Amino acid sequence: AALLGGSKMRAFLGLVTILAACGPTPTRKDQDVDAQPTTDSPQPTGDAAGPGCQAIDVLFVIDNSGSMGQEQTNLIANFPGFIAVLEGSGLDYRVAVTTTGRDYTYTMQSPIGGGIPVSQDGGDNGAMLKSPTMTRRWIEKADADVSGTFSAVANVGVSGPSDEMPLSAMRDAFEERMTDGTNAGFHRPDALLAIVILTDEEDCSYEAPVTLSFAQSLCESQMEPVGNYTTFLDQYTGNRSRWATAVIAGPGPGACSSDFGSADEATRLKDFVTLTGPNAKFSSICDGDLSIGLTQALELFESACGGILL
């Protein structure tokens, strides 16, 4: 059964058109990621019956490396249109933000023998971020200033780790950060889990533990198979129909460029979208206006929500 029908469908399509016309008028604020864990909610099982959903939980995984300032500004500028579409759909929504930054340690073999430990810190490791005004690690439909709060929390900065790991960060958000209570309670059993990845680099999610030769690069060696992440989401949500992903990144072949600057081809993220199937969409970050990718994400999520198996 379709999620929206009649006047609601017409309203949805009209609001999508409005989003596509949104211009960059961003508001930038400071953020604070410190927060206490929330209480957990039951995890989805995927064993109930009936098509369609009335709720959607959206996680934005935003690249916070040094080249992403303009893209973050444009995302913040276009977010009110994104929310306008969700409001018009009648869905009960939640929105959270994390980054592509992860702490890591690996061993580099020395040319003179032995191993050299290499590490990186400063990553959010899948933790959903909080602005000073937030009482929880996500934004809800009933909140007073959804767009303003998102403007604060999505301004993740450009000082994060330079090796972007959006796939691992996404899994951390729903695995390690659920286990330790940081993100507990975000995802509801009756909601479509929607993931938006925004990056201008290739995914560097690797298998651990990693030992590299002196001539090898971390992001070119021993990468974790992309299929591990689709399998994880299938198991976490209970069914492939219960989650969807929209990736906004470099389409290739090779690097592309736009008003934002250049973007490397995101080969692994393209593979992730292909492996996911109909509930996934890849959009180009080099379109120069994120309203295009966000509009395509919303169209995908509306379609996925209509086919969810509850």
# chains A, B, ... in the order shown; residues from 1 in each chain; ligands from 1
call {"tool": "closest_atom_pairs", "arguments": {"of": "stretch 276-308 of chain A", "to": "stretch 59-78 of chain A", "cutoff": "9 Å", "atoms": "only C-alpha atoms", "output": "Markdown table"}}
result
| residue | atom | partner | partner_atom | distance |
| --- | --- | --- | --- | --- |
| A:Ile285 | CA | A:Glu71 | CA | 8.3 |
| A:Gly288 | CA | A:Glu71 | CA | 8.6 |
| A:Asp289 | CA | A:Asn74 | CA | 6.9 |
| A:Leu290 | CA | A:Leu75 | CA | 6.1 |
| A:Ser291 | CA | A:Asn78 | CA | 5.8 |
| A:Leu294 | CA | A:Asn78 | CA | 8.1 |
call {"tool": "write_last_selection", "arguments": {"atoms": "all heavy atoms", "output": "short mmCIF file (atom, residue, chain, number, x, y, z; two decimals), in the first residue's frame"}}
result
data_model
loop_
_atom_site.label_atom_id
_atom_site.label_comp_id
_atom_site.auth_asym_id
_atom_site.auth_seq_id
_atom_site.Cartn_x
_atom_site.Cartn_y
_atom_site.Cartn_z
N ILE A 285 27.55 14.96 -5.05
CA ILE A 285 27.84 16.13 -4.24
C ILE A 285 28.34 17.28 -5.13
O ILE A 285 28.36 18.44 -4.71
CB ILE A 285 28.88 15.79 -3.15
CG1 ILE A 285 28.87 16.86 -2.04
CG2 ILE A 285 30.27 15.63 -3.74
CD1 ILE A 285 29.71 16.49 -0.83
N GLY A 288 26.52 20.92 -6.82
CA GLY A 288 26.71 22.30 -6.40
C GLY A 288 25.58 22.86 -5.57
O GLY A 288 25.63 24.00 -5.13
N ASP A 289 24.54 22.08 -5.34
CA ASP A 289 23.41 22.50 -4.51
C ASP A 289 22.82 21.25 -3.88
O ASP A 289 22.28 20.39 -4.58
CB ASP A 289 22.36 23.22 -5.36
CG ASP A 289 21.23 23.81 -4.52
OD1 ASP A 289 21.12 23.44 -3.33
OD2 ASP A 289 20.47 24.63 -5.05
N LEU A 290 22.92 21.14 -2.57
CA LEU A 290 22.49 19.91 -1.91
C LEU A 290 20.98 19.75 -1.89
O LEU A 290 20.48 18.69 -1.50
CB LEU A 290 23.04 19.87 -0.48
CG LEU A 290 24.57 19.75 -0.39
CD1 LEU A 290 24.99 19.62 1.06
CD2 LEU A 290 25.08 18.56 -1.20
N SER A 291 20.21 20.76 -2.30
CA SER A 291 18.76 20.58 -2.38
C SER A 291 18.43 19.46 -3.35
O SER A 291 17.42 18.76 -3.19
CB SER A 291 18.07 21.87 -2.82
OG SER A 291 18.40 22.20 -4.15
N LEU A 294 19.10 16.13 -1.45
CA LEU A 294 18.13 15.99 -0.38
C LEU A 294 16.74 15.68 -0.92
O LEU A 294 15.98 14.89 -0.33
CB LEU A 294 18.09 17.26 0.47
CG LEU A 294 19.33 17.53 1.33
CD1 LEU A 294 19.20 18.88 2.02
CD2 LEU A 294 19.53 16.42 2.36
#
call {"tool": "closest_atom_pairs", "arguments": {"of": "stretch 187-280 of chain A", "to": "stretch 118-137 of chain A", "cutoff": "12 Å", "atoms": "only C-alpha atoms", "output": "tab-separated table"}}
result
residue	atom	partner	partner_atom	distance
A:His187	CA	A:Arg137	CA	11.4
A:Ser205	CA	A:Asn125	CA	11.8
A:Pro209	CA	A:Val118	CA	11.9
A:Val210	CA	A:Val118	CA	10.3
A:Thr211	CA	A:Val118	CA	9.9
A:Leu212	CA	A:Val118	CA	10.3
A:Phe214	CA	A:Val118	CA	11.7
A:Ser217	CA	A:Val118	CA	11.7
A:Leu218	CA	A:Val118	CA	10.1
call {"tool": "residues_around", "arguments": {"residues": "A:Gln54", "least_positions_apart": "6", "cutoff": "7 Å", "atoms": "only C-alpha atoms", "output": "ChimeraX atom specification"}}
result
/A:91-92,191
call {"tool": "residues_around", "arguments": {"residues": "stretch 233-236 of chain A", "least_positions_apart": "2", "cutoff": "9 Å", "atoms": "only C-alpha atoms", "output": "mmCIF file with N, CA and C atoms, in the first residue's frame"}}
result
data_model
loop_
_atom_site.group_PDB
_atom_site.id
_atom_site.type_symbol
_atom_site.label_atom_id
_atom_site.label_comp_id
_atom_site.auth_asym_id
_atom_site.auth_seq_id
_atom_site.Cartn_x
_atom_site.Cartn_y
_atom_site.Cartn_z
ATOM 1 N N GLN A 43 14.372 -2.956 20.517
ATOM 2 C CA GLN A 43 14.937 -2.979 19.177
ATOM 3 C C GLN A 43 13.957 -3.661 18.217
ATOM 4 N N PRO A 44 14.008 -3.261 16.913
ATOM 5 C CA PRO A 44 13.070 -3.808 15.944
ATOM 6 C C PRO A 44 13.288 -5.288 15.712
ATOM 7 N N THR A 45 12.209 -5.992 15.433
ATOM 8 C CA THR A 45 12.290 -7.421 15.177
ATOM 9 C C THR A 45 11.904 -7.782 13.759
ATOM 10 N N ARG A 171 27.715 2.239 11.479
ATOM 11 C CA ARG A 171 27.557 1.016 12.270
ATOM 12 C C ARG A 171 27.842 1.275 13.746
ATOM 13 N N PHE A 174 24.829 2.502 15.681
ATOM 14 C CA PHE A 174 23.777 1.555 16.025
ATOM 15 C C PHE A 174 24.290 0.276 16.673
ATOM 16 N N GLU A 175 25.581 0.228 16.938
ATOM 17 C CA GLU A 175 26.164 -0.944 17.593
ATOM 18 C C GLU A 175 26.854 -0.509 18.888
ATOM 19 N N ASN A 228 29.426 -6.230 4.608
ATOM 20 C CA ASN A 228 29.290 -6.355 6.061
ATOM 21 C C ASN A 228 28.309 -5.318 6.618
ATOM 22 N N TYR A 229 28.244 -4.154 5.970
ATOM 23 C CA TYR A 229 27.404 -3.068 6.480
ATOM 24 C C TYR A 229 25.941 -3.267 6.095
ATOM 25 N N THR A 230 25.681 -3.776 4.908
ATOM 26 C CA THR A 230 24.296 -4.093 4.563
ATOM 27 C C THR A 230 23.786 -5.242 5.425
ATOM 28 N N THR A 231 24.648 -6.224 5.659
ATOM 29 C CA THR A 231 24.253 -7.343 6.523
ATOM 30 C C THR A 231 23.950 -6.860 7.928
ATOM 31 N N GLY A 238 15.945 -5.925 11.149
ATOM 32 C CA GLY A 238 15.120 -7.115 11.022
ATOM 33 C C GLY A 238 14.761 -7.477 9.603
ATOM 34 N N ASN A 239 14.931 -6.536 8.641
ATOM 35 C CA ASN A 239 14.516 -6.826 7.268
ATOM 36 C C ASN A 239 15.070 -5.736 6.355
ATOM 37 N N ARG A 240 15.496 -6.097 5.142
ATOM 38 C CA ARG A 240 16.023 -5.117 4.195
ATOM 39 C C ARG A 240 15.006 -4.018 3.887
ATOM 40 N N SER A 241 13.712 -4.315 3.984
ATOM 41 C CA SER A 241 12.692 -3.306 3.693
ATOM 42 C C SER A 241 12.587 -2.241 4.778
ATOM 43 N N ARG A 242 13.215 -2.465 5.931
ATOM 44 C CA ARG A 242 13.024 -1.579 7.079
ATOM 45 C C ARG A 242 14.092 -0.480 7.182
ATOM 46 N N TRP A 243 14.996 -0.413 6.204
ATOM 47 C CA TRP A 243 15.988 0.659 6.215
ATOM 48 C C TRP A 243 16.260 1.118 4.793
#
call {"tool": "atom_distance", "arguments": {"atom1": "atom CA of A:Gly306", "atom2": "atom CA of A:Ile292"}}
result
21.7 Å
call {"tool": "decode", "arguments": {"residues": "stretch 135-167 of chain A", "atoms": "N, CA, C and O atoms", "output": "tab-separated table (two decimals), in the first residue's frame"}}
result
chain	number	residue	atom	x	y	z
A	135	THR	N	17.94	18.42	24.69
A	135	THR	CA	17.81	17.61	25.90
A	135	THR	C	18.04	16.13	25.61
A	135	THR	O	18.10	15.33	26.53
A	136	ARG	N	18.15	15.77	24.35
A	136	ARG	CA	18.42	14.40	23.92
A	136	ARG	C	19.32	14.48	22.69
A	136	ARG	O	19.57	15.56	22.17
A	137	ARG	N	19.76	13.33	22.20
A	137	ARG	CA	20.71	13.31	21.08
A	137	ARG	C	20.01	13.26	19.73
A	137	ARG	O	20.63	12.88	18.72
A	138	TRP	N	18.78	13.62	19.65
A	138	TRP	CA	18.08	13.70	18.37
A	138	TRP	C	17.00	14.77	18.45
A	138	TRP	O	16.62	15.22	19.52
A	139	ILE	N	16.50	15.15	17.27
A	139	ILE	CA	15.45	16.15	17.13
A	139	ILE	C	14.16	15.42	16.81
A	139	ILE	O	14.14	14.49	16.00
A	140	GLU	N	13.07	15.84	17.43
A	140	GLU	CA	11.77	15.23	17.18
A	140	GLU	C	10.80	16.22	16.55
A	140	GLU	O	10.97	17.44	16.66
A	141	LYS	N	9.78	15.68	15.90
A	141	LYS	CA	8.78	16.49	15.21
A	141	LYS	C	8.14	17.52	16.13
A	141	LYS	O	7.86	18.65	15.72
A	142	ALA	N	7.91	17.17	17.38
A	142	ALA	CA	7.21	18.06	18.31
A	142	ALA	C	8.11	19.15	18.89
A	142	ALA	O	7.62	20.02	19.61
A	143	ASP	N	9.40	19.14	18.59
A	143	ASP	CA	10.31	20.13	19.14
A	143	ASP	C	9.98	21.53	18.61
A	143	ASP	O	9.49	21.69	17.49
A	144	ALA	N	10.32	22.54	19.38
A	144	ALA	CA	9.90	23.91	19.07
A	144	ALA	C	10.62	24.49	17.85
A	144	ALA	O	10.01	25.18	17.05
A	145	ASP	N	11.90	24.24	17.68
A	145	ASP	CA	12.66	24.86	16.60
A	145	ASP	C	13.52	23.80	15.92
A	145	ASP	O	14.74	23.73	16.12
A	146	VAL	N	12.87	22.98	15.10
A	146	VAL	CA	13.57	21.85	14.48
A	146	VAL	C	14.70	22.33	13.58
A	146	VAL	O	15.84	21.87	13.68
A	147	SER	N	14.42	23.28	12.69
A	147	SER	CA	15.44	23.73	11.74
A	147	SER	C	16.58	24.46	12.45
A	147	SER	O	17.75	24.26	12.11
A	148	GLY	N	16.26	25.29	13.43
A	148	GLY	CA	17.31	26.00	14.16
A	148	GLY	C	18.19	25.05	14.93
A	148	GLY	O	19.42	25.23	15.00
A	149	THR	N	17.60	24.03	15.53
A	149	THR	CA	18.39	23.05	16.28
A	149	THR	C	19.29	22.27	15.34
A	149	THR	O	20.46	22.02	15.65
A	150	PHE	N	18.76	21.88	14.18
A	150	PHE	CA	19.58	21.17	13.21
A	150	PHE	C	20.74	22.05	12.73
A	150	PHE	O	21.86	21.57	12.56
A	151	SER	N	20.48	23.33	12.53
A	151	SER	CA	21.54	24.25	12.11
A	151	SER	C	22.70	24.23	13.09
A	151	SER	O	23.88	24.29	12.69
A	152	ALA	N	22.39	24.13	14.38
A	152	ALA	CA	23.43	24.10	15.40
A	152	ALA	C	24.18	22.78	15.40
A	152	ALA	O	25.42	22.75	15.43
A	153	VAL	N	23.45	21.68	15.36
A	153	VAL	CA	24.09	20.38	15.53
A	153	VAL	C	24.77	19.91	14.25
A	153	VAL	O	25.77	19.17	14.30
A	154	ALA	N	24.28	20.33	13.07
A	154	ALA	CA	24.89	19.90	11.81
A	154	ALA	C	26.11	20.73	11.43
A	154	ALA	O	26.82	20.39	10.48
A	155	ASN	N	26.38	21.79	12.16
A	155	ASN	CA	27.58	22.58	11.94
A	155	ASN	C	28.74	21.88	12.64
A	155	ASN	O	29.25	22.33	13.66
A	156	VAL	N	29.15	20.75	12.06
A	156	VAL	CA	30.08	19.85	12.74
A	156	VAL	C	31.54	20.29	12.62
A	156	VAL	O	32.42	19.69	13.23
A	157	GLY	N	31.81	21.32	11.83
A	157	GLY	CA	33.15	21.83	11.72
A	157	GLY	C	34.00	21.04	10.74
A	157	GLY	O	33.54	20.08	10.10
A	158	VAL	N	35.27	21.42	10.62
A	158	VAL	CA	36.16	20.82	9.63
A	158	VAL	C	37.48	20.36	10.25
A	158	VAL	O	38.50	20.27	9.57
A	159	SER	N	37.44	20.04	11.52
A	159	SER	CA	38.67	19.62	12.20
A	159	SER	C	38.67	18.13	12.55
A	159	SER	O	39.49	17.68	13.34
A	160	GLY	N	37.78	17.38	11.93
A	160	GLY	CA	37.71	15.95	12.21
A	160	GLY	C	38.81	15.17	11.51
A	160	GLY	O	39.58	15.72	10.71
A	161	PRO	N	38.92	13.86	11.79
A	161	PRO	CA	39.94	13.03	11.16
A	161	PRO	C	39.87	13.10	9.64
A	161	PRO	O	38.79	13.16	9.05
A	162	SER	N	41.03	13.07	9.01
A	162	SER	CA	41.10	13.20	7.55
A	162	SER	C	40.80	11.91	6.82
A	162	SER	O	40.57	11.92	5.60
A	163	ASP	N	40.82	10.77	7.50
A	163	ASP	CA	40.43	9.50	6.91
A	163	ASP	C	38.96	9.27	7.24
A	163	ASP	O	38.61	8.84	8.35
A	164	GLU	N	38.08	9.57	6.29
A	164	GLU	CA	36.64	9.51	6.53
A	164	GLU	C	36.15	8.06	6.52
A	164	GLU	O	36.50	7.29	5.62
A	165	MET	N	35.34	7.70	7.50
A	165	MET	CA	34.85	6.33	7.63
A	165	MET	C	33.34	6.34	7.84
A	165	MET	O	32.84	5.92	8.90
A	166	PRO	N	32.56	6.80	6.86
A	166	PRO	CA	31.11	6.92	7.07
A	166	PRO	C	30.41	5.60	7.33
A	166	PRO	O	29.47	5.55	8.14
A	167	LEU	N	30.82	4.53	6.67
A	167	LEU	CA	30.15	3.25	6.88
A	167	LEU	C	30.40	2.72	8.29
A	167	LEU	O	29.47	2.27	8.97
